[in-house]
Each structure stands twice: as structure tokens, then as C-alpha cells.
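Listing of model12.csv, CSV, C-alpha atoms and all ligand atoms
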```
chain,number,residue,atom,x,y,z
A,1411,MET,CA,-4.6,-21.6,15.1
A,1412,PRO,CA,-6.2,-18.4,13.8
A,1413,PHE,CA,-4.6,-16.7,10.8
A,1414,SER,CA,-4.7,-13.3,9.3
A,1415,LEU,CA,-5.5,-13.4,5.6
A,1416,ALA,CA,-3.7,-11.1,3.1
A,1417,VAL,CA,-5.0,-11.4,-0.5
A,1418,THR,CA,-3.0,-9.7,-3.3
A,1419,PRO,CA,-4.6,-9.6,-6.7
A,1420,LEU,CA,-2.1,-9.6,-9.6
A,1421,ARG,CA,-2.7,-8.8,-13.2
A,1422,LEU,CA,0.3,-10.0,-15.1
A,1423,ALA,CA,1.2,-9.5,-18.7
A,1424,PHE,CA,2.0,-12.6,-20.8
A,1425,ARG,CA,5.4,-12.8,-22.6
A,1426,ASP,CA,3.6,-13.7,-25.9
A,1427,PRO,CA,-0.2,-13.5,-26.5
A,1428,PHE,CA,-1.6,-16.8,-25.1
A,1429,ARG,CA,-4.7,-17.9,-26.8
A,1430,ILE,CA,-6.5,-21.3,-26.4
A,1431,ALA,CA,-9.5,-22.8,-28.2
A,1432,ARG,CA,-12.1,-21.9,-25.5
A,1433,SER,CA,-10.9,-18.5,-24.4
A,1434,LEU,CA,-10.5,-15.1,-26.0
A,1435,GLU,CA,-8.5,-13.6,-23.1
A,1436,ASP,CA,-4.9,-13.8,-24.2
A,1437,ARG,CA,-2.9,-10.8,-22.9
A,1438,PHE,CA,-3.0,-10.9,-19.1
A,1439,ALA,CA,-3.0,-13.5,-16.4
A,1440,GLU,CA,-5.2,-12.7,-13.3
A,1441,THR,CA,-4.2,-14.4,-10.2
A,1442,PHE,CA,-4.3,-14.0,-6.4
A,1443,ILE,CA,-1.4,-14.5,-3.9
A,1444,VAL,CA,-2.6,-15.4,-0.4
A,1445,GLU,CA,-0.5,-15.1,2.8
A,1446,LEU,CA,-1.6,-16.7,6.0
A,1447,ARG,CA,0.0,-15.4,9.2
A,1448,PRO,CA,-0.5,-16.8,12.6
A,1449,GLN,CA,-2.6,-14.1,14.2
A,1450,ALA,CA,-0.5,-13.4,17.2
A,1451,ALA,CA,2.5,-12.7,15.0
A,1452,ALA,CA,0.3,-10.5,12.7
A,1453,ARG,CA,-0.5,-8.3,15.7
A,1454,SER,CA,3.2,-7.7,16.4
A,1455,SER,CA,4.9,-5.1,14.2
A,1456,ALA,CA,7.9,-7.4,14.1
A,1457,ALA,CA,5.7,-10.2,12.8
A,1458,SER,CA,8.4,-12.6,13.7
A,1459,ASP,CA,8.1,-16.4,13.0
A,1460,ALA,CA,8.7,-17.1,16.7
A,1461,GLY,CA,6.0,-18.4,18.9
A,1462,ASP,CA,3.1,-19.1,16.5
A,1463,GLY,CA,5.4,-20.4,13.9
A,1464,PRO,CA,5.8,-19.5,10.2
A,1465,SER,CA,3.4,-17.9,7.8
A,1466,GLY,CA,2.3,-19.6,4.6
A,1467,LEU,CA,2.1,-18.5,1.0
A,1468,GLY,CA,-0.5,-19.7,-1.5
A,1469,GLU,CA,-2.0,-18.9,-4.9
A,1470,ALA,CA,-5.4,-19.0,-6.6
A,1471,PHE,CA,-5.6,-18.7,-10.3
A,1472,PRO,CA,-9.3,-18.7,-11.2
A,1473,ASP,CA,-10.4,-20.1,-14.6
A,1474,PRO,CA,-14.0,-19.0,-15.5
A,1475,TYR,CA,-14.4,-22.3,-17.4
A,1476,PHE,CA,-14.4,-24.0,-14.0
A,1477,GLY,CA,-16.8,-21.5,-12.4
A,1478,GLU,CA,-14.3,-19.2,-10.8
A,1479,ASN,CA,-13.2,-15.7,-11.4
A,1480,THR,CA,-11.7,-12.6,-9.9
A,1481,VAL,CA,-14.9,-12.0,-7.9
A,1482,THR,CA,-15.5,-15.5,-6.5
A,1483,VAL,CA,-12.0,-16.1,-5.2
A,1484,PRO,CA,-11.7,-13.1,-2.8
A,1485,ALA,CA,-15.3,-13.6,-1.8
A,1486,LEU,CA,-14.8,-17.3,-0.8
A,1487,LEU,CA,-11.4,-17.1,0.8
A,1488,PRO,CA,-12.4,-15.8,4.3
A,1489,GLY,CA,-15.0,-18.6,4.6
A,1490,LEU,CA,-12.6,-21.3,3.5
A,1491,LEU,CA,-10.0,-20.0,5.9
A,1492,ALA,CA,-12.6,-20.1,8.8
A,1493,VAL,CA,-13.3,-23.8,7.8
A,1494,ALA,CA,-9.6,-24.5,7.8
A,1495,GLU,CA,-9.1,-22.9,11.2
A,1496,SER,CA,-11.9,-25.0,12.7
A,1497,VAL,CA,-9.7,-28.1,12.1
A,1498,ASP,CA,-7.2,-28.3,15.0
A,1499,GLU,CA,-3.6,-28.0,13.9
A,1500,PRO,CA,-1.4,-30.6,15.5
A,1501,ARG,CA,1.3,-29.3,17.9
A,1502,GLU,CA,3.7,-32.0,16.8
A,1503,THR,CA,5.6,-31.5,13.6
A,1504,ALA,CA,6.0,-35.1,12.3
A,1505,PRO,CA,5.1,-35.2,8.6
A,1506,GLU,CA,2.4,-37.9,9.1
A,1507,ALA,CA,0.6,-35.8,11.7
A,1508,LEU,CA,0.8,-32.6,9.5
A,1509,LEU,CA,-0.3,-34.4,6.3
A,1510,ALA,CA,-3.3,-36.0,8.2
A,1511,TRP,CA,-4.3,-32.5,9.4
A,1512,LEU,CA,-4.0,-31.0,6.0
A,1513,GLU,CA,-6.2,-33.8,4.5
A,1514,ARG,CA,-8.8,-33.1,7.2
A,1515,VAL,CA,-8.7,-29.4,6.2
A,1516,SER,CA,-9.2,-30.3,2.5
A,1517,VAL,CA,-12.1,-32.6,3.3
A,1518,ALA,CA,-13.7,-29.9,5.4
A,1519,MET,CA,-13.3,-27.3,2.6
A,1520,ASP,CA,-14.9,-29.7,0.1
A,1521,ALA,CA,-17.8,-30.2,2.5
A,1522,HIS,CA,-18.2,-26.4,2.9
A,1523,ILE,CA,-18.6,-25.8,-0.9
A,1524,GLY,CA,-18.2,-27.9,-4.1
A,1525,GLY,CA,-15.9,-26.9,-6.9
A,1526,HIS,CA,-13.9,-23.7,-6.5
A,1527,GLY,CA,-10.6,-25.6,-6.7
A,1528,ALA,CA,-8.5,-22.4,-7.1
A,1529,ALA,CA,-9.8,-20.7,-4.0
A,1530,LYS,CA,-9.3,-23.9,-2.0
A,1531,ALA,CA,-5.8,-24.3,-3.5
A,1532,ALA,CA,-4.8,-20.9,-2.2
A,1533,ILE,CA,-5.6,-22.0,1.4
A,1534,ASP,CA,-4.3,-25.5,0.9
A,1535,ILE,CA,-1.0,-24.4,-0.6
A,1536,ALA,CA,-0.4,-21.8,2.2
A,1537,LEU,CA,-1.1,-24.3,4.9
A,1538,HIS,CA,1.3,-26.8,3.2
A,1539,ASP,CA,3.9,-24.1,3.0
A,1540,ARG,CA,3.5,-23.4,6.7
A,1541,ALA,CA,3.4,-27.1,7.6
A,1542,ALA,CA,6.6,-27.9,5.7
A,1543,LYS,CA,8.3,-24.9,7.3
A,1544,ARG,CA,7.3,-26.2,10.7
A,1545,ALA,CA,8.7,-29.6,9.9
A,1546,GLY,CA,11.9,-28.0,8.6
A,1547,LEU,CA,11.5,-29.7,5.2
A,1548,PRO,CA,11.1,-28.6,1.6
A,1549,LEU,CA,7.5,-29.4,0.5
A,1550,HIS,CA,8.4,-32.4,-1.6
A,1551,ALA,CA,10.1,-33.9,1.4
A,1552,LEU,CA,7.1,-33.4,3.6
A,1553,PHE,CA,5.3,-35.8,1.2
A,1554,GLY,CA,8.3,-38.1,1.3
A,1555,LEU,CA,8.9,-37.5,-2.5
A,1556,PRO,CA,12.2,-37.2,-4.3
A,1557,ALA,CA,13.6,-33.9,-5.6
A,1558,GLU,CA,14.4,-35.3,-9.1
A,1559,LEU,CA,11.7,-34.4,-11.6
A,1560,PRO,CA,10.9,-35.1,-15.3
A,1561,PRO,CA,11.6,-32.0,-17.4
A,1562,THR,CA,8.8,-29.6,-18.1
A,1563,ASP,CA,7.5,-28.9,-21.6
A,1564,PHE,CA,6.8,-25.4,-22.8
A,1565,THR,CA,3.3,-24.3,-24.1
A,1566,LEU,CA,2.6,-22.2,-27.2
A,1567,GLY,CA,-0.8,-20.6,-27.7
A,1568,ILE,CA,-2.9,-20.5,-30.9
A,1569,ASP,CA,-1.7,-18.1,-33.5
A,1570,ALA,CA,-0.8,-18.0,-37.2
A,1571,PRO,CA,1.3,-21.0,-38.2
A,1572,ALA,CA,4.4,-18.9,-38.9
A,1573,VAL,CA,4.1,-17.1,-35.6
A,1574,VAL,CA,3.8,-20.4,-33.6
A,1575,ALA,CA,6.8,-21.8,-35.5
A,1576,GLU,CA,8.9,-18.7,-34.7
A,1577,ARG,CA,8.0,-19.2,-31.0
A,1578,ALA,CA,8.8,-22.9,-31.3
A,1579,ALA,CA,12.2,-22.1,-32.6
A,1580,ARG,CA,12.8,-19.8,-29.7
A,1581,ALA,CA,11.7,-22.6,-27.3
A,1582,ALA,CA,13.7,-25.3,-29.0
A,1583,HIS,CA,15.8,-26.0,-25.9
A,1584,PHE,CA,12.7,-27.5,-24.2
A,1585,PRO,CA,12.7,-31.3,-24.5
A,1586,ALA,CA,9.0,-31.2,-25.5
A,1587,LEU,CA,6.5,-28.6,-26.7
A,1588,LYS,CA,2.8,-28.4,-25.9
A,1589,ILE,CA,0.9,-26.8,-28.8
A,1590,LYS,CA,-2.5,-25.4,-28.4
A,1591,VAL,CA,-4.8,-26.5,-31.2
A,1592,GLY,CA,-8.6,-26.1,-32.0
A,1593,GLY,CA,-7.9,-23.1,-34.1
A,1594,PRO,CA,-8.5,-22.6,-37.8
A,1595,SER,CA,-5.2,-24.1,-39.0
A,1596,ASP,CA,-4.1,-26.9,-36.7
A,1597,LEU,CA,-2.4,-29.1,-39.3
A,1598,GLU,CA,-0.5,-26.2,-40.9
A,1599,THR,CA,0.6,-25.0,-37.4
A,1600,LEU,CA,1.9,-28.5,-36.5
A,1601,GLU,CA,3.7,-28.8,-39.9
A,1602,ALA,CA,5.3,-25.4,-39.3
A,1603,VAL,CA,6.4,-26.4,-35.8
A,1604,ARG,CA,7.8,-29.7,-37.0
A,1605,ALA,CA,9.9,-27.9,-39.6
A,1606,VAL,CA,11.8,-26.1,-36.8
A,1607,TYR,CA,11.6,-28.5,-33.8
A,1608,SER,CA,12.6,-32.1,-33.6
A,1609,GLY,CA,11.4,-33.1,-30.1
A,1610,PRO,CA,8.0,-34.6,-29.0
A,1611,ILE,CA,4.9,-32.4,-29.5
A,1612,ARG,CA,1.9,-32.6,-27.2
A,1613,VAL,CA,-1.3,-31.1,-28.6
A,1614,ASP,CA,-4.1,-29.7,-26.5
A,1615,ALA,CA,-7.4,-28.9,-28.2
A,1616,ASN,CA,-9.1,-27.5,-25.0
A,1617,THR,CA,-12.4,-29.1,-26.1
A,1618,GLY,CA,-12.2,-27.5,-29.6
A,1619,TRP,CA,-12.5,-30.4,-32.0
A,1620,GLN,CA,-15.4,-32.2,-33.6
A,1621,PRO,CA,-15.2,-36.1,-33.5
A,1622,GLU,CA,-14.7,-36.5,-37.3
A,1623,GLU,CA,-12.0,-33.8,-37.3
A,1624,GLY,CA,-10.2,-35.6,-34.5
A,1625,ALA,CA,-10.3,-39.0,-36.2
A,1626,ARG,CA,-9.1,-37.4,-39.5
A,1627,LEU,CA,-6.2,-35.7,-37.7
A,1628,VAL,CA,-4.9,-38.7,-35.7
A,1629,PRO,CA,-2.9,-40.3,-38.5
A,1630,GLU,CA,-1.4,-36.9,-39.3
A,1631,LEU,CA,-0.4,-36.4,-35.7
A,1632,VAL,CA,1.2,-39.8,-35.6
A,1633,ARG,CA,3.2,-38.9,-38.8
A,1634,LEU,CA,4.3,-35.6,-37.2
A,1635,GLY,CA,5.6,-37.2,-34.0
A,1636,VAL,CA,2.9,-36.1,-31.6
A,1637,GLU,CA,3.1,-37.7,-28.2
A,1638,LEU,CA,-0.4,-37.2,-26.8
A,1639,ILE,CA,-3.7,-35.5,-27.5
A,1640,GLU,CA,-5.3,-33.6,-24.7
A,1641,GLN,CA,-9.0,-33.0,-24.3
A,1642,PRO,CA,-10.1,-33.0,-28.0
A,1643,PHE,CA,-13.9,-32.8,-27.1
A,1644,PRO,CA,-16.2,-31.1,-24.6
A,1645,ARG,CA,-15.9,-32.1,-20.9
A,1646,GLN,CA,-19.1,-34.2,-20.8
A,1647,GLN,CA,-18.5,-36.1,-24.1
A,1648,LEU,CA,-17.0,-39.2,-22.5
A,1649,ALA,CA,-18.5,-41.4,-25.3
A,1650,GLN,CA,-16.7,-39.3,-27.9
A,1651,LEU,CA,-13.4,-39.4,-26.0
A,1652,ARG,CA,-13.7,-43.2,-25.7
A,1653,TRP,CA,-14.5,-43.4,-29.4
A,1654,LEU,CA,-11.4,-41.5,-30.4
A,1655,GLN,CA,-9.2,-43.3,-27.9
A,1656,GLU,CA,-10.3,-46.6,-29.5
A,1657,ARG,CA,-9.1,-45.3,-32.9
A,1658,SER,CA,-5.9,-43.6,-31.7
A,1659,PRO,CA,-2.5,-45.2,-31.1
A,1660,LEU,CA,-1.7,-41.9,-29.2
A,1661,PRO,CA,-2.9,-41.5,-25.7
A,1662,ILE,CA,-5.9,-39.2,-25.2
A,1663,VAL,CA,-5.5,-37.2,-22.0
A,1664,ALA,CA,-8.5,-35.8,-20.1
A,1665,ASP,CA,-8.0,-32.3,-18.7
A,1666,GLU,CA,-11.3,-30.4,-18.6
A,1667,SER,CA,-13.0,-33.8,-18.0
A,1668,ALA,CA,-10.7,-34.6,-15.0
A,1669,ILE,CA,-11.3,-31.9,-12.5
A,1670,THR,CA,-11.1,-33.7,-9.1
A,1671,ILE,CA,-10.4,-37.2,-7.8
A,1672,GLU,CA,-14.2,-37.9,-8.1
A,1673,ASP,CA,-13.9,-37.8,-11.9
A,1674,LEU,CA,-11.3,-40.6,-12.2
A,1675,ASP,CA,-13.5,-43.7,-11.9
A,1676,GLY,CA,-15.7,-42.5,-14.8
A,1677,LEU,CA,-12.6,-42.1,-17.0
A,1678,VAL,CA,-11.4,-45.6,-16.7
A,1679,GLY,CA,-11.6,-47.3,-20.1
A,1680,VAL,CA,-12.4,-43.9,-21.7
A,1681,VAL,CA,-8.9,-42.2,-21.9
A,1682,ALA,CA,-5.4,-43.4,-21.4
A,1683,GLY,CA,-4.2,-40.4,-19.3
A,1684,VAL,CA,-5.4,-37.6,-17.0
A,1685,ASN,CA,-4.0,-34.1,-16.5
A,1686,VAL,CA,-4.1,-33.1,-12.9
A,1687,LYS,CA,-3.8,-29.4,-11.8
A,1688,LEU,CA,-3.8,-28.0,-8.4
A,1689,MET,CA,-6.1,-25.2,-9.4
A,1690,LYS,CA,-8.8,-27.7,-10.5
A,1691,CYS,CA,-8.6,-30.2,-7.7
A,1692,GLY,CA,-8.1,-27.8,-4.7
A,1693,GLY,CA,-4.4,-27.7,-4.0
A,1694,VAL,CA,-1.3,-29.7,-3.6
A,1695,GLY,CA,-2.7,-32.2,-1.0
A,1696,ALA,CA,-5.7,-32.9,-3.3
A,1697,ALA,CA,-3.3,-33.2,-6.3
A,1698,TYR,CA,-1.1,-35.7,-4.4
A,1699,ARG,CA,-4.1,-37.9,-3.6
A,1700,MET,CA,-5.6,-37.6,-7.1
A,1701,LEU,CA,-2.3,-38.5,-8.7
A,1702,ARG,CA,-1.8,-41.6,-6.5
A,1703,ARG,CA,-5.4,-42.7,-7.1
A,1704,ALA,CA,-5.0,-42.1,-10.9
A,1705,ARG,CA,-1.8,-44.2,-11.0
A,1706,ALA,CA,-3.5,-47.0,-9.1
A,1707,LEU,CA,-6.3,-46.9,-11.7
A,1708,GLY,CA,-3.7,-47.3,-14.5
A,1709,PHE,CA,-3.7,-43.8,-16.0
A,1710,LYS,CA,-0.7,-42.2,-17.5
A,1711,LEU,CA,-0.2,-39.0,-15.6
A,1712,PHE,CA,0.3,-35.4,-16.8
A,1713,LEU,CA,0.8,-32.6,-14.3
A,1714,GLY,CA,-0.4,-29.3,-15.6
A,1715,CYS,CA,-1.0,-25.7,-14.4
A,1716,MET,CA,-2.8,-22.5,-15.2
A,1717,GLU,CA,-0.7,-19.3,-15.8
A,1718,GLU,CA,0.4,-19.1,-12.2
A,1719,THR,CA,3.5,-17.4,-10.6
A,1720,SER,CA,6.3,-19.4,-9.1
A,1721,VAL,CA,4.2,-19.8,-6.0
A,1722,GLY,CA,1.7,-22.1,-7.7
A,1723,ILE,CA,4.4,-23.7,-9.8
A,1724,ALA,CA,6.6,-24.5,-6.8
A,1725,ALA,CA,3.6,-26.2,-5.1
A,1726,SER,CA,2.9,-28.2,-8.2
A,1727,ALA,CA,6.6,-29.1,-8.7
A,1728,ALA,CA,6.7,-30.6,-5.2
A,1729,VAL,CA,4.5,-33.5,-6.5
A,1730,ALA,CA,5.9,-33.6,-10.0
A,1731,SER,CA,8.1,-36.7,-9.4
A,1732,LEU,CA,4.8,-38.7,-9.4
A,1733,VAL,CA,4.0,-38.1,-13.1
A,1734,ASP,CA,5.0,-39.2,-16.6
A,1735,TRP,CA,4.7,-35.8,-18.3
A,1736,VAL,CA,5.3,-32.4,-16.7
A,1737,ASP,CA,3.7,-29.2,-18.0
A,1738,LEU,CA,4.7,-26.7,-15.3
A,1739,ASP,CA,5.4,-23.6,-17.3
A,1740,GLY,CA,2.8,-21.0,-16.2
A,1741,ASN,CA,5.4,-18.7,-14.6
A,1742,LEU,CA,7.5,-19.0,-17.8
A,1743,LEU,CA,4.6,-17.6,-19.9
A,1744,LEU,CA,4.6,-14.4,-17.8
A,1745,ALA,CA,6.5,-11.4,-18.9
A,1746,ALA,CA,7.7,-10.9,-15.3
A,1747,ASP,CA,7.2,-13.5,-12.6
A,1748,PRO,CA,7.0,-11.5,-9.3
A,1749,TYR,CA,8.3,-14.5,-7.3
A,1750,THR,CA,11.7,-16.0,-7.2
A,1751,GLY,CA,13.4,-19.2,-5.8
A,1752,LEU,CA,12.5,-21.8,-8.4
A,1753,GLU,CA,15.0,-22.4,-11.2
A,1754,LEU,CA,15.2,-24.6,-14.3
A,1755,ASP,CA,18.3,-26.7,-14.8
A,1756,ASP,CA,20.0,-27.1,-18.2
A,1757,ALA,CA,17.6,-30.0,-19.0
A,1758,CYS,CA,14.5,-27.9,-18.2
A,1759,ARG,CA,13.9,-29.7,-14.9
A,1760,TRP,CA,12.6,-27.6,-12.1
A,1761,ARG,CA,15.3,-27.6,-9.4
A,1762,LEU,CA,13.3,-27.9,-6.2
A,1763,PRO,CA,14.4,-25.5,-3.5
A,1764,ALA,CA,16.3,-26.9,-0.5
A,1765,ALA,CA,14.7,-24.3,1.9
A,1766,PRO,CA,11.8,-25.5,4.1
A,1767,GLY,CA,8.3,-24.9,2.6
A,1768,LEU,CA,7.7,-23.8,-1.0
A,1769,GLY,CA,11.1,-22.0,-1.1
A,1770,VAL,CA,9.8,-19.1,-3.1
A,1771,SER,CA,9.7,-15.4,-2.1
A,1772,ARG,CA,8.6,-12.1,-3.5
A,1773,ARG,CA,11.2,-10.7,-5.9
A,1774,SER,CA,12.7,-7.5,-4.4
A,1801,MG,MG,-5.3,-28.6,-21.2
```
Here is the file; what I need is its structure written in the form of C-alpha cells.
Amino acid sequence: MPFSLAVTPLRLAFRDPFRIARSLEDRFAETFIVELRPQAAARSSAASDAGDGPSGLGEAFPDPYFGENTVTVPALLPGLLAVAESVDEPRETAPEALLAWLERVSVAMDAHIGGHGAAKAAIDIALHDRAAKRAGLPLHALFGLPAELPPTDFTLGIDAPAVVAERAARAAHFPALKIKVGGPSDLETLEAVRAVYSGPIRVDANTGWQPEEGARLVPELVRLGVELIEQPFPRQQLAQLRWLQERSPLPIVADESAITIEDLDGLVGVVAGVNVKLMKCGGVGAAYRMLRRARALGFKLFLGCMEETSVGIAASAAVASLVDWVDLDGNLLLAADPYTGLELDDACRWRLPAAPGLGVSRRS
């Protein structure tokens, strides 16, 4: 099926400045919304869903750390779509047939170009949205997954300890907080947060620590009720990660070191957990396969995100029942999410839409 490709770049303000150890950009999130329309429908001014079936919505949030940016994504999308179109879409709408097709598309995109997980994710998510709509199922049900999810945590960027503590007090209804560290005053920040928040704290250094610093902080983190330590050291430093994991009663979770399913085998015996993100691995189908493989290898599972709108978060939430820890708060970090349809319940669990597909739409 040929599709028309509509790409909408968005530059969205953050609710609070959002700084992490390896990035200076902290005021805007830059993301791309992609809509794929069956081409015959696109030619008609009515653009109805009849005949060629439904359109699909996807998102690409490029992170320069992983080699993507606001130039590479729009440049690669037409080629990735052409690759996807070259894989015949099944006429039948049984979930197994649709998922097998979506996996073939994913394999073909990976053969076309390495990396570029966010650009691939945009196509992958849009085709999953369309496939689930064709099957008449919400996306999690296309995968045969339950609608009940663990609650999401809420992430606070690096700032002065008192500022982070004030934001922690505002977010105290979340059952866990993720605190970005790797700044100049990590311990003071965590002490200040602990003074106003009693739940579990997850820390993420985004590669910003030195080994001795990490080892020195571990007993303090245990004392402060920290639940896990994410990516303390640079991506390639697997020996350092293993060294700290051997000294830490807290699980070390690989994020920057765990980009795609290909990275998992090398992390066995190195870290206790991995953080899977659709924008790293190439979409919701790739994330589903990576999560299942990581579970089979014995990892604890974290499902994370970039600072996406509800489009990317809804796609992530569809597979969130597979994980131990959920960090799907990108849309909550935005001052105004342009998409609607995904709601948090009182326990901070995403309530998955009952409508077929992703179940999100542009806010009117
Ligand atoms: Mg991280």
C-alpha cells in the first residue's frame, strides 16, 4: 500500500527547565509528528477511511546523542517509508499476520540504514496505529497485552537543590521520582528531595559520573532510599559499569549503553537492568521484541521515553505492561501537549485508550 507522508515539526516549551548531565538544551523539546495516509484516500478531498483503510500517526523525537537531529529525521523519512511500502501489507486483519508484516518492515528498515531509531520509530508507530485500527483493537491488544500498567514515575532535571526539592514537592503524588544527577551537587539535591518526598527515588546520571564518585555515592544512595542507578558512566565503559554493579546492592540500569536488541547480550553480567525506549530501538514493535529478549536474558526492565507528545507516549504505554519500572512522562514535562486521549488515573497509571489504534488525536 502506498502512503502519503505528512511530517509536522514541533518545537514545544517545557513546563520547567529540563537539564540533564550530557545536554545543555533545556527549554524546548523538538519532535516530529508523522501521519501516513493510504494514497488513494489522500487524493480524495474527503480523505475518508473507507476503501484503503485508516491512516496512522507516529512520532520521531531525535536525540543528537544517538546521531539524530532535526535535519536527519525529515531527510530519512521518505526513504524509510519507501522501504516500508516495499513490504507487502497483508489483506487479512488477524493480529498475527499484521505483527509478522510489521516485523518484516522493521527488519527491512534496519537493513536500509543502521541507527536512526527515532526516524524508524515514526514509521513503525504510524504503521502499528494503522494495523491496530484495521484489526479493530487498541494497540496493546494487537500485541495481546493487558491494559493494566505499573504507574509511571516523574522526572526532575538538574537544577539547584532547593529548586529540585520544590519541584519534587509539587510532584509528590507520583509513586516514584526519577532525579537527574551528574551535576555539581548530586548528594545535596537528593538530600533536599528526600526531605520533602518519601517514595522511591530513581537516579539517572546520563553518563555523568566518574567511577570513584559512583562508588563513593552508592552507600549514600542506599541510605536515601534510592531504588536504582541509571547509566552512571559513558556508553562504551562496560567494564566500569560491571565494576560498580559488583559493588552496588542497587541495580545499575543501562540506558545509553542499551540502544537496540543487539546490545543486550553484551550487557549480561554487566548490569542488572536495561532501559528500553522506542526512540532508541526503532519503534513499538522493536521495543516489544527487545523487552521480551531482555526479560529472557534475566534483566530487570525499565521503559523510558524522550520528551515526546502523547503520540509517542501512547505507543510506549501499549507495551508498558511488560516492565518492572515505567518512566513514561515525556508529555507531562511539556507545557502543552498538543495531543489528547491518554489520561493518568489517580495512581499515576496510564489509562490505555479503548479506541482502536493509539487512541490519541490532535487537541482541537
Ligand atoms: Mg536515562
Can you check which parts of chain A lie within 8 Å of ligand MG 1801 (chain A)? Per residue, the shortest pair of atoms and distance in Å to one decimal, counting only C-alpha atoms and all ligand atoms, sorted by chain and number, as a Markdown table.
```
| residue | atom | partner | partner_atom | distance |
| --- | --- | --- | --- | --- |
| A:Asp1614 | CA | A:MG1801 | MG | 5.5 |
| A:Ala1615 | CA | A:MG1801 | MG | 7.3 |
| A:Asn1616 | CA | A:MG1801 | MG | 5.5 |
| A:Glu1640 | CA | A:MG1801 | MG | 6.1 |
| A:Gln1641 | CA | A:MG1801 | MG | 6.5 |
| A:Ala1664 | CA | A:MG1801 | MG | 8.0 |
| A:Asp1665 | CA | A:MG1801 | MG | 5.2 |
| A:Glu1666 | CA | A:MG1801 | MG | 6.8 |
| A:Asn1685 | CA | A:MG1801 | MG | 7.4 |
| A:Gly1714 | CA | A:MG1801 | MG | 7.5 |
```
Write the residues you've just listed into a file as a short mmCIF file (atom, residue, chain, number, x, y, z; two decimals), in the frame of the given file, and include C-alpha atoms for each of them.
```cif
data_model
loop_
_atom_site.label_atom_id
_atom_site.label_comp_id
_atom_site.auth_asym_id
_atom_site.auth_seq_id
_atom_site.Cartn_x
_atom_site.Cartn_y
_atom_site.Cartn_z
CA ASP A 1614 -4.10 -29.70 -26.50
CA ALA A 1615 -7.40 -28.90 -28.20
CA ASN A 1616 -9.10 -27.50 -25.00
CA GLU A 1640 -5.30 -33.60 -24.70
CA GLN A 1641 -9.00 -33.00 -24.30
CA ALA A 1664 -8.50 -35.80 -20.10
CA ASP A 1665 -8.00 -32.30 -18.70
CA GLU A 1666 -11.30 -30.40 -18.60
CA ASN A 1685 -4.00 -34.10 -16.50
CA GLY A 1714 -0.40 -29.30 -15.60
#
```
* Asked: Which residues come within 12 Å of Pro1594 in chain A, counting only C-alpha atoms, excluding same-chain residues fewer than 4 positions away, as an MDAnalysis selection string?
  -> chainID A and resid 1430:1431 1568:1571 1590 1598:1599 1615 1618:1619 1623
* Structure fact -> What separates CA of Leu1762 in chain A and CA of Leu1549 in chain A is a distance of 9.0 Å
* Asked: Hey, which of A:Pro1474, A:Pro1427, A:Gly1466, A:Pro1585 ends up closest to Gly1567 in chain A? Count only C-alpha atoms.
  ->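 Comparing A:Pro1474, A:Pro1427, A:Gly1466, A:Pro1585 against Gly1567 in chain A, the winner is A:Pro1427.
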Using all atoms listed in the file, which residues sit within 12 Å of Val1497 in chain A once same-chain residues fewer than 3 positions away are excluded, as a CSV table (one decimal) with C-alpha atoms, in the coordinates of the input?
```
chain,number,residue,atom,x,y,z
A,1411,MET,CA,-4.6,-21.6,15.1
A,1412,PRO,CA,-6.2,-18.4,13.8
A,1490,LEU,CA,-12.6,-21.3,3.5
A,1491,LEU,CA,-10.0,-20.0,5.9
A,1492,ALA,CA,-12.6,-20.1,8.8
A,1493,VAL,CA,-13.3,-23.8,7.8
A,1494,ALA,CA,-9.6,-24.5,7.8
A,1500,PRO,CA,-1.4,-30.6,15.5
A,1508,LEU,CA,0.8,-32.6,9.5
A,1510,ALA,CA,-3.3,-36.0,8.2
A,1511,TRP,CA,-4.3,-32.5,9.4
A,1512,LEU,CA,-4.0,-31.0,6.0
A,1513,GLU,CA,-6.2,-33.8,4.5
A,1514,ARG,CA,-8.8,-33.1,7.2
A,1515,VAL,CA,-8.7,-29.4,6.2
A,1516,SER,CA,-9.2,-30.3,2.5
A,1517,VAL,CA,-12.1,-32.6,3.3
A,1518,ALA,CA,-13.7,-29.9,5.4
A,1519,MET,CA,-13.3,-27.3,2.6
A,1537,LEU,CA,-1.1,-24.3,4.9
```
